[in-house]
Amino acid sequence: MIDRFYAFSADGTGLQITTYDGTNTKARVIRLDFSADGSPASAMQWSIFTDSTLTAPVAGAQNPVAAHNDTFTNGFNPDTGTSVITAYIKGTCFDQGLTSGGIQRTPSAGAVGTMPTATTGVAGAVAVTSNNWLNSNGAWQHLQGFSGGYIQGANAPQATTAFDWYLDLLFFLGAGMTNGAYTMLLVLQYTFS
Amino acid sequence: MQKPFDDPTNQLVHDLLGCSLLQITRPWWAVKVDMHDGGTTWICEAHWKKDVYRGGERLTDWTKDIVANELNDAIRELWLFCPPGRVSPAGNTAMFPIIEKGTAFQLKVGHFFSNIASSGYKQTRAALIGRVTDKGSGACEAFIYDVQLEVLFAPWSTTMDTLHGIREESPWRPGVYEGLGTWIPGSIAPVPALAHDVLGIQIG
């Protein structure tokens with residue numbers, strides 16, 4: 001388990017994100033801020049990719065960095081599962097941020113549901129839970145592109161309304177990982193008119 | 001004075017965009033709508049409008065200008081003008097004649113990228129025009145211009161081979177009720193059920 005999270009603005013210039021400790025006890029670590037300019041046309045979806053080519057992760061494959069895949073999103077059997085080889089990255093979110101009726105969903109500080117394991121997650125999409133963390137506070141989802149594993153809202157947030165969508169991430173480590181330096185992108189897909 | 005183009009499509013493009021397809025760098029939608037006096041007029045996304053809500057000017061917006069003014073029923077033609085690309089160096093146009101009222105829709109697919117520890121950036125991945133073909137099931141067909149691939153996918157629908165009773169399955173599952181599916185599985189998440197009120201779809 002990766003228990004520390006740093007943000008670097010330059011080589012040697014880093015800041016520890018103290019709200020991340022590799023556990024499920026920090027509810028307000030990451031959030032997406034939306035302005036009031038847009039008219040969403042459907043539910044939003046988010047996951048993790050290696051880069052902006054949006055090359056689909058290959059479950060279980062441990063590739064070199066240059067292949068537009070990475071060791072984290074690919075996962076490895078048996079580290080992250082066997083029948084479903086999940087990603088090493090687990091994610092959760094609080095509802096969909098803003099309901100279709102315009103209600104902002106903001107979590108309380110503190111615990112974020114049950115603690116996931118390295119094999120937590122199901123294939124495909126997991127829908128958000130109304131006014132709660134994913135799966136009614138019961139389980140996270142693995143993040144493996146837009147086919148292996150991702151999270152999806154319930155419906156389109158209310159149009160032309162600013163809101164925040166609270167997320168949380170946990171990174172696991174495993175013996176099957178390929179050594180290297182990796183960068184990954186959180187990718188949000190949305191539709192608008 | 002500019003002489004009329006021999007080709008009516010080229011003339012339409014020039015009339016609405018003020019230039020040829022070779023000179024545009026992004027896709028634009030346009031609709032031909034009926035007017036109360038029996039004539040028709042054009043509404044194009046590339047046209048600037050005064051924003052009385054926020055002040056200043058903005059581009060024509062589907063929700064704010066078509067849906068808000070209840071013009072969906074008046075749409076007779078729905079167009080998409082696509083810029084030139086690697087496989088279509090002259091650009092492309094796509095058009096749906098709208099036979100049934102309230103079946104036309106337009107939307108864009110966008111992506112926001114973030115490396116988590118800092119601010120991110122967004123980009124429009126695709127522009128799509130569509131029409132509902134079966135009001136009961138919500139089945140539809142669409143033209144999709146993929147901005148990253150510079151390709152027009154034309155048109156996508158679930159087809160039925162009525163002679164043999166075989167339905168040809170496709171990752172594109174056109175349906176405004178249950179979701180549209182995806183045209184690039186794994187890279188583009190299946191588009192979920194559409195918000196009919198935002199897009200002006202009136203089939204229920």
# chains A, B, ... in the order shown; residues from 1 in each chain; ligands from 1
$ residues_around --residues "range 94-109 of chain A" --least-positions-apart "6" --cutoff "7 Å" --atoms "only C-alpha atoms" --output "PyMOL selection string"
chain A and resi 26-28+128-134+153-158+163-167
$ select_by_dssp --residues "chain A" --states "strand (DSSP E or B)" --output "MDAnalysis selection string"
chainID A and resid 6:10 13:16 30:34 40 42 45:49 89:93 98 104 124:127 141:142 144 149:152 163:171 185:192
$ interface_residues --of "chain A" --to "chain B" --cutoff "8 Å" --atoms "only C-alpha atoms" --output "PyMOL selection string"
chain A and resi 6-8+30+39-43+45+52+54-57+145-148+155-156+159+183-193
$ select_by_dssp --residues "range 122-177 of chain A" --states "helix (DSSP H, G or I)" --output "JSON, numbers by chain"
{"A": [134, 135, 136, 137]}
$ residues_around --residues "range 40-52 of chain B" --least-positions-apart "6" --cutoff "10 Å" --atoms "only C-alpha atoms" --output "count of residues only"
28
$ residues_around --residues "Asp168 in chain A" --least-positions-apart "5" --cutoff "12 Å" --atoms "only C-alpha atoms" --output "PyMOL selection string"
(chain A and resi 19-32+46-47+89-94+107+110-113+115-116+133-134+140-143+151+186) or (chain B and resi 116)
